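Student: Handing over structure32.json, JSON, C-alpha atoms.
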[["chain", "number", "residue", "atom", "x", "y", "z"],
["S", 66, "MET", "CA", 23.95, 150.08, 31.04],
["S", 67, "ARG", "CA", 20.75, 148.09, 31.53],
["S", 68, "ALA", "CA", 19.01, 148.48, 34.87],
["S", 69, "ILE", "CA", 15.62, 148.08, 36.50],
["S", 70, "VAL", "CA", 14.34, 151.55, 37.35],
["S", 71, "TYR", "CA", 11.21, 152.96, 38.98],
["S", 72, "TYR", "CA", 10.06, 156.57, 39.08],
["S", 73, "ARG", "CA", 7.24, 156.40, 41.62],
["S", 74, "PHE", "CA", 6.02, 154.19, 44.43],
["S", 75, "GLY", "CA", 3.65, 151.38, 43.55],
["S", 76, "GLY", "CA", 3.23, 147.73, 42.67],
["S", 77, "PRO", "CA", 5.48, 145.55, 40.51],
["S", 78, "GLU", "CA", 4.19, 147.37, 37.43],
["S", 79, "VAL", "CA", 6.29, 150.47, 38.27],
["S", 80, "LEU", "CA", 9.48, 148.49, 37.62],
["S", 81, "GLY", "CA", 10.88, 148.80, 34.12],
["S", 82, "LEU", "CA", 14.02, 147.74, 32.27],
["S", 83, "GLY", "CA", 15.85, 150.77, 30.92],
["S", 84, "ASP", "CA", 19.20, 152.19, 29.89],
["S", 85, "ILE", "CA", 20.89, 154.52, 32.36],
["S", 86, "GLU", "CA", 24.38, 155.92, 32.77],
["S", 87, "LYS", "CA", 26.99, 153.54, 34.09],
["S", 88, "PRO", "CA", 28.13, 154.79, 37.53],
["S", 89, "VAL", "CA", 31.70, 156.06, 37.81],
["S", 90, "PRO", "CA", 33.61, 155.19, 41.00],
["S", 91, "ALA", "CA", 34.79, 158.17, 43.02],
["S", 92, "ALA", "CA", 37.80, 158.10, 45.32],
["S", 93, "ASP", "CA", 37.75, 155.06, 47.61],
["S", 94, "GLU", "CA", 34.85, 153.49, 45.67],
["S", 95, "VAL", "CA", 34.64, 150.18, 43.81],
["S", 96, "ARG", "CA", 32.48, 149.44, 40.77],
["S", 97, "VAL", "CA", 31.26, 145.87, 40.31],
["S", 98, "LYS", "CA", 30.09, 144.14, 37.14],
["S", 99, "VAL", "CA", 27.07, 142.44, 38.65],
["S", 100, "VAL", "CA", 26.54, 138.72, 38.10],
["S", 101, "ALA", "CA", 23.91, 137.83, 40.72],
["S", 102, "VAL", "CA", 21.50, 139.87, 42.83],
["S", 103, "GLY", "CA", 19.65, 138.81, 45.98],
["S", 104, "VAL", "CA", 15.92, 139.62, 46.09],
["S", 105, "ASN", "CA", 14.63, 140.65, 49.50],
["S", 106, "PRO", "CA", 11.25, 141.64, 51.01],
["S", 107, "LEU", "CA", 12.90, 144.99, 51.71],
["S", 108, "ASP", "CA", 12.97, 145.57, 47.94],
["S", 109, "TYR", "CA", 9.20, 145.54, 47.48],
["S", 110, "LYS", "CA", 8.60, 147.40, 50.75],
["S", 111, "ARG", "CA", 10.85, 150.20, 49.51],
["S", 112, "ARG", "CA", 9.05, 150.13, 46.14],
["S", 113, "TYR", "CA", 5.76, 150.74, 47.94],
["S", 114, "GLY", "CA", 7.30, 153.54, 50.04],
["S", 115, "LEU", "CA", 6.54, 151.70, 53.28],
["S", 116, "ILE", "CA", 9.90, 152.22, 54.99],
["S", 117, "GLU", "CA", 10.90, 155.72, 53.97],
["S", 118, "GLN", "CA", 11.72, 156.57, 57.59],
["S", 119, "HIS", "CA", 14.51, 154.01, 57.46],
["S", 120, "PHE", "CA", 15.42, 153.95, 53.75],
["S", 121, "PRO", "CA", 14.54, 157.21, 51.96],
["S", 122, "THR", "CA", 14.16, 156.93, 48.19],
["S", 123, "ALA", "CA", 15.50, 159.31, 45.54],
["S", 124, "PHE", "CA", 13.89, 158.92, 42.10],
["S", 125, "PRO", "CA", 14.69, 157.52, 39.63],
["S", 126, "ALA", "CA", 15.54, 154.54, 41.84],
["S", 127, "VAL", "CA", 17.27, 151.24, 41.14],
["S", 128, "PRO", "CA", 16.18, 148.51, 43.59],
["S", 129, "GLY", "CA", 18.30, 145.99, 45.41],
["S", 130, "LEU", "CA", 20.96, 145.69, 48.08],
["S", 131, "GLU", "CA", 22.86, 142.42, 47.56],
["S", 132, "ILE", "CA", 25.38, 141.88, 44.80],
["S", 133, "ALA", "CA", 27.92, 139.30, 43.73],
["S", 134, "GLY", "CA", 30.15, 139.96, 40.77],
["S", 135, "VAL", "CA", 33.56, 141.03, 39.50],
["S", 136, "VAL", "CA", 35.39, 144.27, 40.25],
["S", 137, "ASP", "CA", 35.46, 146.24, 37.03],
["S", 138, "ALA", "CA", 36.87, 149.63, 38.14],
["S", 139, "VAL", "CA", 38.28, 151.20, 41.31],
["S", 140, "GLY", "CA", 38.59, 154.79, 42.43],
["S", 141, "ASP", "CA", 41.67, 156.53, 43.74],
["S", 142, "GLY", "CA", 42.86, 155.22, 47.07],
["S", 143, "VAL", "CA", 41.38, 151.73, 46.78],
["S", 144, "THR", "CA", 43.92, 149.12, 47.85],
["S", 145, "ALA", "CA", 41.82, 146.24, 49.19],
["S", 146, "PHE", "CA", 40.33, 145.33, 45.80],
["S", 147, "ALA", "CA", 41.62, 145.18, 42.23],
["S", 148, "VAL", "CA", 40.01, 144.86, 38.81],
["S", 149, "GLY", "CA", 39.12, 141.20, 38.22],
["S", 150, "ASP", "CA", 38.51, 140.31, 41.88],
["S", 151, "GLU", "CA", 35.40, 138.21, 42.51],
["S", 152, "VAL", "CA", 33.44, 139.86, 45.31],
["S", 153, "PHE", "CA", 30.10, 139.95, 47.10],
["S", 154, "GLY", "CA", 28.38, 142.34, 49.48],
["S", 155, "TRP", "CA", 26.26, 145.46, 49.36],
["S", 156, "SER", "CA", 25.34, 147.88, 46.60],
["S", 157, "ARG", "CA", 25.31, 151.62, 47.15],
["S", 158, "THR", "CA", 23.60, 152.55, 43.84],
["S", 159, "GLY", "CA", 21.09, 149.71, 43.46],
["S", 160, "ALA", "CA", 21.72, 146.07, 42.66],
["S", 161, "TYR", "CA", 19.27, 145.39, 39.82],
["S", 162, "ALA", "CA", 21.73, 146.64, 37.21],
["S", 163, "GLU", "CA", 24.65, 145.55, 35.05],
["S", 164, "TYR", "CA", 27.05, 147.66, 37.13],
["S", 165, "ALA", "CA", 26.87, 148.96, 40.70],
["S", 166, "ILE", "CA", 28.97, 151.06, 43.02],
["S", 167, "ALA", "CA", 29.62, 148.87, 46.00],
["S", 168, "GLY", "CA", 29.06, 149.58, 49.63],
["S", 169, "THR", "CA", 30.79, 147.09, 51.92],
["S", 170, "LEU", "CA", 32.42, 144.21, 50.04],
["S", 171, "ALA", "CA", 34.38, 141.03, 50.70],
["S", 172, "HIS", "CA", 36.27, 138.72, 48.40],
["S", 173, "LYS", "CA", 34.18, 135.77, 47.23],
["S", 174, "PRO", "CA", 35.77, 132.37, 47.86],
["S", 175, "ALA", "CA", 36.34, 130.44, 44.65],
["S", 176, "GLU", "CA", 34.36, 127.51, 46.11],
["S", 177, "LEU", "CA", 31.24, 129.69, 46.39],
["S", 178, "SER", "CA", 29.13, 130.41, 43.30],
["S", 179, "PHE", "CA", 28.03, 133.96, 42.56],
["S", 180, "GLU", "CA", 24.43, 132.92, 43.18],
["S", 181, "ALA", "CA", 25.27, 131.38, 46.56],
["S", 182, "ALA", "CA", 27.31, 134.42, 47.55],
["S", 183, "ALA", "CA", 24.36, 136.72, 46.74],
["S", 184, "THR", "CA", 22.19, 134.87, 49.27],
["S", 185, "LEU", "CA", 24.39, 135.84, 52.21],
["S", 186, "PRO", "CA", 24.71, 139.60, 52.88],
["S", 187, "VAL", "CA", 21.19, 140.51, 54.00],
["S", 188, "ALA", "CA", 20.17, 137.20, 55.60],
["S", 189, "ALA", "CA", 23.36, 136.61, 57.54],
["S", 190, "ALA", "CA", 24.13, 140.23, 58.45],
["S", 191, "THR", "CA", 20.55, 140.88, 59.59],
["S", 192, "THR", "CA", 20.59, 137.75, 61.72],
["S", 193, "ASP", "CA", 24.00, 138.59, 63.16],
["S", 194, "ARG", "CA", 22.84, 142.10, 64.08],
["S", 195, "VAL", "CA", 19.51, 141.05, 65.60],
["S", 196, "LEU", "CA", 20.99, 138.22, 67.65],
["S", 197, "ARG", "CA", 23.46, 140.73, 69.11],
["S", 198, "GLU", "CA", 20.63, 143.16, 69.85],
["S", 199, "LEU", "CA", 18.71, 140.38, 71.60],
["S", 200, "GLY", "CA", 21.79, 139.29, 73.55],
["S", 201, "LEU", "CA", 21.00, 135.65, 72.82],
["S", 202, "LYS", "CA", 23.06, 133.24, 74.92],
["S", 203, "ASP", "CA", 23.92, 129.57, 74.94],
["S", 204, "GLY", "CA", 21.08, 127.57, 76.49],
["S", 205, "GLU", "CA", 18.36, 130.17, 75.88],
["S", 206, "THR", "CA", 15.18, 129.73, 73.84],
["S", 207, "LEU", "CA", 14.52, 131.93, 70.80],
["S", 208, "LEU", "CA", 11.10, 132.30, 69.20],
["S", 209, "LEU", "CA", 11.67, 133.04, 65.52],
["S", 210, "HIS", "CA", 8.79, 134.18, 63.29],
["S", 211, "GLY", "CA", 9.22, 133.47, 59.58],
["S", 212, "ALA", "CA", 11.75, 130.71, 60.09],
["S", 213, "ALA", "CA", 11.48, 129.25, 56.58],
["S", 214, "GLY", "CA", 12.41, 132.45, 54.72],
["S", 215, "ALA", "CA", 15.95, 133.41, 53.77],
["S", 216, "VAL", "CA", 16.58, 135.48, 56.91],
["S", 217, "GLY", "CA", 14.75, 132.93, 59.03],
["S", 218, "GLN", "CA", 16.85, 130.03, 57.78],
["S", 219, "ALA", "CA", 20.07, 131.92, 58.45],
["S", 220, "ALA", "CA", 18.78, 132.82, 61.91],
["S", 221, "VAL", "CA", 17.93, 129.21, 62.75],
["S", 222, "GLN", "CA", 21.38, 128.01, 61.72],
["S", 223, "LEU", "CA", 23.33, 130.76, 63.49],
["S", 224, "ALA", "CA", 21.22, 130.62, 66.66],
["S", 225, "VAL", "CA", 21.45, 126.82, 66.90],
["S", 226, "ALA", "CA", 25.21, 127.05, 66.33],
["S", 227, "ALA", "CA", 25.33, 129.51, 69.25],
["S", 228, "GLY", "CA", 23.71, 126.92, 71.52],
["S", 229, "ALA", "CA", 20.14, 128.25, 71.55],
["S", 230, "THR", "CA", 16.91, 126.31, 71.26],
["S", 231, "VAL", "CA", 14.94, 127.76, 68.33],
["S", 232, "ILE", "CA", 11.16, 127.60, 68.00],
["S", 233, "GLY", "CA", 10.37, 128.60, 64.43],
["S", 234, "THR", "CA", 6.97, 129.65, 63.10],
["S", 235, "ALA", "CA", 6.12, 128.61, 59.54],
["S", 236, "SER", "CA", 3.40, 126.98, 57.50],
["S", 237, "PRO", "CA", 3.00, 123.23, 58.16],
["S", 238, "ALA", "CA", 4.47, 122.44, 54.72],
["S", 239, "ASN", "CA", 7.81, 123.79, 55.96],
["S", 240, "HIS", "CA", 7.92, 122.01, 59.32],
["S", 241, "ASP", "CA", 9.91, 118.95, 58.27],
["S", 242, "PHE", "CA", 12.42, 121.20, 56.53],
["S", 243, "LEU", "CA", 12.86, 123.34, 59.67],
["S", 244, "ARG", "CA", 13.52, 120.23, 61.73],
["S", 245, "THR", "CA", 16.46, 119.45, 59.43],
["S", 246, "LEU", "CA", 17.91, 122.85, 60.37],
["S", 247, "GLY", "CA", 17.54, 122.12, 64.08],
["S", 248, "ALA", "CA", 14.42, 124.18, 64.83],
["S", 249, "ILE", "CA", 11.23, 123.17, 66.64],
["S", 250, "PRO", "CA", 8.48, 124.18, 64.19],
["S", 251, "VAL", "CA", 5.07, 125.58, 65.10],
["S", 252, "ALA", "CA", 2.33, 126.89, 62.83],
["S", 253, "TYR", "CA", 1.72, 130.64, 62.75],
["S", 254, "GLY", "CA", -1.74, 132.23, 62.99],
["S", 255, "ALA", "CA", -4.55, 132.03, 65.53],
["S", 256, "GLY", "CA", -3.63, 130.01, 68.61],
["S", 257, "LEU", "CA", 0.10, 130.69, 68.21],
["S", 258, "GLU", "CA", 0.61, 131.53, 71.88],
["S", 259, "GLU", "CA", -0.86, 128.21, 73.03],
["S", 260, "ARG", "CA", 1.16, 126.21, 70.50],
["S", 261, "VAL", "CA", 4.42, 127.82, 71.60],
["S", 262, "ARG", "CA", 3.62, 127.26, 75.27],
["S", 263, "ALA", "CA", 2.98, 123.59, 74.50],
["S", 264, "VAL", "CA", 6.58, 123.12, 73.31],
["S", 265, "ALA", "CA", 8.16, 125.69, 75.67],
["S", 266, "PRO", "CA", 6.22, 125.67, 78.95],
["S", 267, "GLN", "CA", 9.17, 127.46, 80.54],
["S", 268, "GLY", "CA", 8.61, 130.40, 78.18],
["S", 269, "VAL", "CA", 10.92, 132.03, 75.64],
["S", 270, "ASP", "CA", 13.93, 134.23, 76.35],
["S", 271, "ALA", "CA", 13.89, 136.30, 73.17],
["S", 272, "VAL", "CA", 11.81, 136.87, 70.03],
["S", 273, "PHE", "CA", 13.03, 137.62, 66.50],
["S", 274, "ASP", "CA", 10.20, 138.59, 64.14],
["S", 275, "ALA", "CA", 11.28, 138.13, 60.51],
["S", 276, "ALA", "CA", 7.71, 137.68, 59.24],
["S", 277, "GLY", "CA", 5.66, 140.74, 60.17],
["S", 278, "GLN", "CA", 2.38, 138.80, 60.29],
["S", 279, "ASP", "CA", 0.88, 140.44, 63.39],
["S", 280, "ALA", "CA", 2.83, 138.11, 65.67],
["S", 281, "LEU", "CA", 3.96, 140.80, 68.11],
["S", 282, "PRO", "CA", 0.98, 140.68, 70.54],
["S", 283, "ALA", "CA", 1.44, 136.93, 71.04],
["S", 284, "SER", "CA", 5.20, 137.45, 71.33],
["S", 285, "ILE", "CA", 4.74, 140.02, 74.10],
["S", 286, "ALA", "CA", 2.43, 137.65, 75.95],
["S", 287, "LEU", "CA", 4.98, 134.85, 75.63],
["S", 288, "ARG", "CA", 7.60, 137.18, 77.13],
["S", 289, "GLY", "CA", 5.38, 137.68, 80.16],
["S", 290, "GLY", "CA", 3.92, 140.98, 79.01],
["S", 291, "THR", "CA", 7.22, 142.76, 78.41],
["S", 292, "THR", "CA", 8.61, 144.05, 75.11],
["S", 293, "ASP", "CA", 12.15, 143.47, 76.38],
["S", 294, "ARG", "CA", 14.25, 141.26, 74.08],
["S", 295, "ILE", "CA", 11.77, 141.36, 71.18],
["S", 296, "VAL", "CA", 12.98, 142.71, 67.83],
["S", 297, "THR", "CA", 11.24, 142.88, 64.45],
["S", 298, "ILE", "CA", 12.61, 143.49, 60.98],
["S", 299, "ALA", "CA", 9.24, 143.10, 59.29],
["S", 300, "ASP", "CA", 6.32, 144.62, 61.25],
["S", 301, "MET", "CA", 5.70, 148.22, 60.21],
["S", 302, "ASN", "CA", 3.43, 148.66, 63.27],
["S", 303, "ALA", "CA", 6.20, 147.78, 65.71],
["S", 304, "ALA", "CA", 6.19, 151.20, 67.40],
["S", 305, "ALA", "CA", 2.52, 150.83, 68.29],
["S", 306, "HIS", "CA", 3.45, 147.74, 70.29],
["S", 307, "GLY", "CA", 6.53, 149.33, 71.85],
["S", 308, "VAL", "CA", 8.82, 146.94, 69.99],
["S", 309, "PRO", "CA", 12.00, 148.16, 68.26],
["S", 310, "PHE", "CA", 12.27, 147.89, 64.48],
["S", 311, "SER", "CA", 15.83, 146.86, 63.66],
["S", 312, "ALA", "CA", 17.19, 148.55, 60.54],
["S", 313, "VAL", "CA", 20.51, 150.16, 61.48],
["S", 314, "ALA", "CA", 23.53, 148.51, 59.93],
["S", 315, "ALA", "CA", 26.73, 147.95, 61.86],
["S", 316, "GLN", "CA", 29.97, 149.80, 61.12],
["S", 317, "PRO", "CA", 31.53, 148.92, 57.73],
["S", 318, "GLU", "CA", 34.45, 147.01, 59.23],
["S", 319, "VAL", "CA", 32.09, 144.93, 61.35],
["S", 320, "VAL", "CA", 29.96, 144.23, 58.26],
["S", 321, "ARG", "CA", 33.03, 143.27, 56.20],
["S", 322, "GLU", "CA", 34.29, 140.93, 58.91],
["S", 323, "GLY", "CA", 30.84, 139.37, 58.99],
["S", 324, "LEU", "CA", 30.81, 138.81, 55.22],
["S", 325, "VAL", "CA", 34.13, 136.98, 55.45],
["S", 326, "ARG", "CA", 32.82, 134.84, 58.31],
["S", 327, "TYR", "CA", 29.53, 134.02, 56.54],
["S", 328, "ALA", "CA", 31.38, 133.03, 53.36],
["S", 329, "ARG", "CA", 33.64, 130.70, 55.34],
["S", 330, "LEU", "CA", 30.62, 129.09, 57.03],
["S", 331, "ALA", "CA", 28.92, 128.69, 53.65],
["S", 332, "VAL", "CA", 31.98, 127.03, 52.11],
["S", 333, "GLU", "CA", 32.10, 124.66, 55.10],
["S", 334, "GLY", "CA", 28.40, 123.85, 54.70],
["S", 335, "ARG", "CA", 27.51, 125.31, 58.09],
["S", 336, "LEU", "CA", 25.40, 128.19, 56.70],
["S", 337, "VAL", "CA", 23.20, 127.45, 53.71],
["S", 338, "VAL", "CA", 20.47, 129.66, 52.26],
["S", 339, "PRO", "CA", 19.13, 127.69, 49.29],
["S", 340, "VAL", "CA", 18.43, 129.39, 45.97],
["S", 341, "VAL", "CA", 14.79, 128.64, 45.21],
["S", 342, "ARG", "CA", 14.61, 130.23, 41.77],
["S", 343, "THR", "CA", 16.58, 132.51, 39.48],
["S", 344, "PHE", "CA", 15.22, 135.22, 37.18],
["S", 345, "PRO", "CA", 16.84, 137.20, 34.36],
["S", 346, "LEU", "CA", 17.12, 140.95, 34.96],
["S", 347, "ALA", "CA", 14.18, 141.67, 32.64],
["S", 348, "GLU", "CA", 11.89, 139.60, 34.91],
["S", 349, "ALA", "CA", 12.69, 141.47, 38.12],
["S", 350, "ALA", "CA", 9.05, 142.48, 38.60],
["S", 351, "ALA", "CA", 8.02, 138.80, 38.63],
["S", 352, "ALA", "CA", 10.75, 138.07, 41.19],
["S", 353, "GLN", "CA", 9.49, 140.82, 43.49],
["S", 354, "GLN", "CA", 5.89, 139.69, 43.08],
["S", 355, "LEU", "CA", 6.82, 136.15, 44.11],
["S", 356, "SER", "CA", 8.77, 137.54, 47.08],
["S", 357, "GLU", "CA", 5.76, 139.61, 48.10],
["S", 358, "GLU", "CA", 3.53, 136.54, 48.18],
["S", 359, "GLY", "CA", 5.55, 135.46, 51.20],
["S", 360, "HIS", "CA", 5.85, 131.70, 50.76],
["S", 361, "VAL", "CA", 9.38, 131.39, 49.43],
["S", 362, "ARG", "CA", 11.51, 128.81, 51.25],
["S", 363, "GLY", "CA", 14.94, 130.32, 50.72],
["S", 364, "LYS", "CA", 16.26, 132.90, 48.28],
["S", 365, "LEU", "CA", 15.24, 134.37, 44.94],
["S", 366, "ILE", "CA", 18.15, 135.45, 42.74],
["S", 367, "ILE", "CA", 18.30, 137.73, 39.70],
["S", 368, "THR", "CA", 21.07, 136.95, 37.24],
["S", 369, "VAL", "CA", 22.49, 139.77, 35.15]]
Go through the file and emit its structure as structure tokens.
Tutor:
Amino acid sequence: MRAIVYYRFGGPEVLGLGDIEKPVPAADEVRVKVVAVGVNPLDYKRRYGLIEQHFPTAFPAVPGLEIAGVVDAVGDGVTAFAVGDEVFGWSRTGAYAEYAIAGTLAHKPAELSFEAAATLPVAAATTDRVLRELGLKDGETLLLHGAAGAVGQAAVQLAVAAGATVIGTASPANHDFLRTLGAIPVAYGAGLEERVRAVAPQGVDAVFDAAGQDALPASIALRGGTTDRIVTIADMNAAAHGVPFSAVAAQPEVVREGLVRYARLAVEGRLVVPVVRTFPLAEAAAAQQLSEEGHVRGKLIITV
């Protein structure tokens, strides 16, 4: 099968299109013929070897976590899925490939395109997990760094739906867009603390850093000097600030239930992560390079 493979850490140039063996599902495993793949900042961070403590790499490696496609083979003992089922979820063997062994899956609603389904697993599941870790409650104020990205947009929508006030950092070009999602936008960069205090003089109850742009010192100050109720998914220097880096997935059944819930919200129009651009599999390096530039408002998708 065709797949994007890399044999060492490095820049986009280490990614190459090659032919590798099609994976064979073992007992209780499902193989998916991949149709759409979600591109995430985690993909290029893993390619650089920046997060080996959380996601160790075995070479040769196939990038990618999010898949949407059609079940093409099942191992012994699989009863929840059958050949021909349209599904979305997580890849266990790498997503940038024609076929992948799935991790946690859910059935894709017919009303949801494969591309739309591939936007959901990482953004929605990460948001769901972090909001639980923060213990965000109705009526509280959340400071969200990187609010215009795929995870950020999901976080704005889910936090607002939970009754929170969301202050979202983003470039000024994205401020009007964030207002349509229900967030109060502020510009990131120097002077961030003062700008947040101007719109939230009462302070913020929790901080979700989905940007990793050295926003943690200001976040700690805005929390009154404490690191309590601050979580990052993007700042590799989190430990130096005493802030937890959230990377541990929930139990499979919790993840599966979440996928079903996110798909229902997406079908109802209550959770939307827009597809900004699609790339063919052969142009995966260009997709990661654009992701790495950090100004994507929504989701990049690879079609297979």
Student: Kindly indicate which residue among S:Val70, S:Val97, S:Met301, S:Ala190 lies nearest to Ile85 (chain S), using only C-alpha atoms for the distances.
Tutor: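 Residue with the minimum atom-to-atom distance to Ile85 (chain S): S:Val70.
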Student: Can you check which parts of region 158-197 of chain S lie within 10 Å of region 267-287 of chain S? Per residue, the shortest pair of atoms and distance in Å to one decimal, counting only C-alpha atoms, sorted by chain and number, as JSON lines.
Tutor:
{"residue": "S:Thr191", "atom": "CA", "partner": "S:Ala275", "partner_atom": "CA", "distance": 9.7}
{"residue": "S:Thr192", "atom": "CA", "partner": "S:Phe273", "partner_atom": "CA", "distance": 8.9}
{"residue": "S:Val195", "atom": "CA", "partner": "S:Phe273", "partner_atom": "CA", "distance": 7.4}
{"residue": "S:Leu196", "atom": "CA", "partner": "S:Phe273", "partner_atom": "CA", "distance": 8.1}
Student: The selected residues should be written to file as an mmCIF file, in the frame of the given file (atoms: C-alpha atoms).
Tutor:
data_model
loop_
_atom_site.group_PDB
_atom_site.id
_atom_site.type_symbol
_atom_site.label_atom_id
_atom_site.label_comp_id
_atom_site.auth_asym_id
_atom_site.auth_seq_id
_atom_site.Cartn_x
_atom_site.Cartn_y
_atom_site.Cartn_z
ATOM 1 C CA THR S 191 20.550 140.880 59.590
ATOM 2 C CA THR S 192 20.590 137.750 61.720
ATOM 3 C CA VAL S 195 19.510 141.050 65.600
ATOM 4 C CA LEU S 196 20.990 138.220 67.650
#
Student: For a quick check of understanding, using only C-alpha atoms, which of S:Lys87, S:Lys98, S:His360, S:Arg194 has the smallest distance to Pro237 (chain S)?
Tutor: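 Answer, going by the shortest atom-to-atom distance: S:His360.
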Student: Just give me the residues with any atom within 12 Å of (19.2, 139.3, 55.2), file coordinates, counting only C-alpha atoms, written as a VMD selection string.
Tutor: chain S and resid 103 to 108 129 to 131 154 to 155 183 to 195 214 to 220 275 298 to 299 311 to 312 314 324 327 338 363 to 364
Student: Which residue, S:Pro345, S:Pro90, S:Gly204, S:Gly334, has the smallest gap to Gln222 (chain S) when you use only C-alpha atoms?
Tutor: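 The closest residue to Gln222 (chain S) is S:Gly334.
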Student: When you draw a straight line from CA of Val100 (chain S) to CA of Ala133 (chain S), how long is it in Å?
Tutor: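 According to the coordinates, CA of Val100 (chain S) and CA of Ala133 (chain S) are separated by 5.8 Å.
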Student: Could you tell me how far CA of Gln354 (chain S) sits from CA of Glu117 (chain S), in Å to one decimal place?
Tutor: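 These two atoms are separated by 20.0 Å.
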Student: For CA of Gln118 (chain S) and CA of Asn302 (chain S), quote the distance in Å rounded to one decimal.
Tutor: 12.8 Å
Student: With only C-alpha atoms as the basis for distance, which of S:Val89, S:Ala182, S:Val231, S:Val95 is at the shortest distance from Val332 (chain S)?
Tutor: S:Ala182
Student: Complete region 332-347 of chain S at the level of N, CA and C atoms, written as a short mmCIF file (atom, residue, chain, number, x, y, z; two decimals), in the frame of the given file.
Tutor:
data_model
loop_
_atom_site.label_atom_id
_atom_site.label_comp_id
_atom_site.auth_asym_id
_atom_site.auth_seq_id
_atom_site.Cartn_x
_atom_site.Cartn_y
_atom_site.Cartn_z
N VAL S 332 31.07 127.96 52.77
CA VAL S 332 31.98 127.03 52.11
C VAL S 332 32.06 125.73 52.91
N GLU S 333 32.02 125.84 54.24
CA GLU S 333 32.10 124.66 55.10
C GLU S 333 30.77 123.92 55.22
N GLY S 334 29.71 124.49 54.62
CA GLY S 334 28.40 123.85 54.70
C GLY S 334 27.67 124.09 55.98
N ARG S 335 28.14 125.05 56.79
CA ARG S 335 27.51 125.31 58.09
C ARG S 335 26.52 126.47 58.04
N LEU S 336 26.40 127.14 56.90
CA LEU S 336 25.40 128.19 56.70
C LEU S 336 24.96 128.09 55.25
N VAL S 337 23.72 127.66 55.06
CA VAL S 337 23.20 127.45 53.71
C VAL S 337 21.85 128.15 53.58
N VAL S 338 21.75 129.05 52.62
CA VAL S 338 20.47 129.66 52.26
C VAL S 338 20.19 129.22 50.82
N PRO S 339 19.31 128.26 50.63
CA PRO S 339 19.13 127.69 49.29
C PRO S 339 18.53 128.67 48.29
N VAL S 340 18.99 128.59 47.06
CA VAL S 340 18.43 129.39 45.97
C VAL S 340 17.20 128.65 45.46
N VAL S 341 16.05 129.27 45.60
CA VAL S 341 14.79 128.64 45.21
C VAL S 341 14.54 128.79 43.72
N ARG S 342 14.88 129.97 43.18
CA ARG S 342 14.61 130.23 41.77
C ARG S 342 15.45 131.42 41.31
N THR S 343 15.86 131.39 40.06
CA THR S 343 16.58 132.51 39.48
C THR S 343 15.74 133.14 38.37
N PHE S 344 15.93 134.45 38.19
CA PHE S 344 15.22 135.22 37.18
C PHE S 344 16.22 136.04 36.39
N PRO S 345 16.01 136.24 35.08
CA PRO S 345 16.84 137.20 34.36
C PRO S 345 16.46 138.62 34.79
N LEU S 346 17.35 139.56 34.54
CA LEU S 346 17.12 140.95 34.96
C LEU S 346 15.78 141.47 34.46
N ALA S 347 15.41 141.15 33.23
CA ALA S 347 14.18 141.67 32.64
C ALA S 347 12.93 141.20 33.39
#
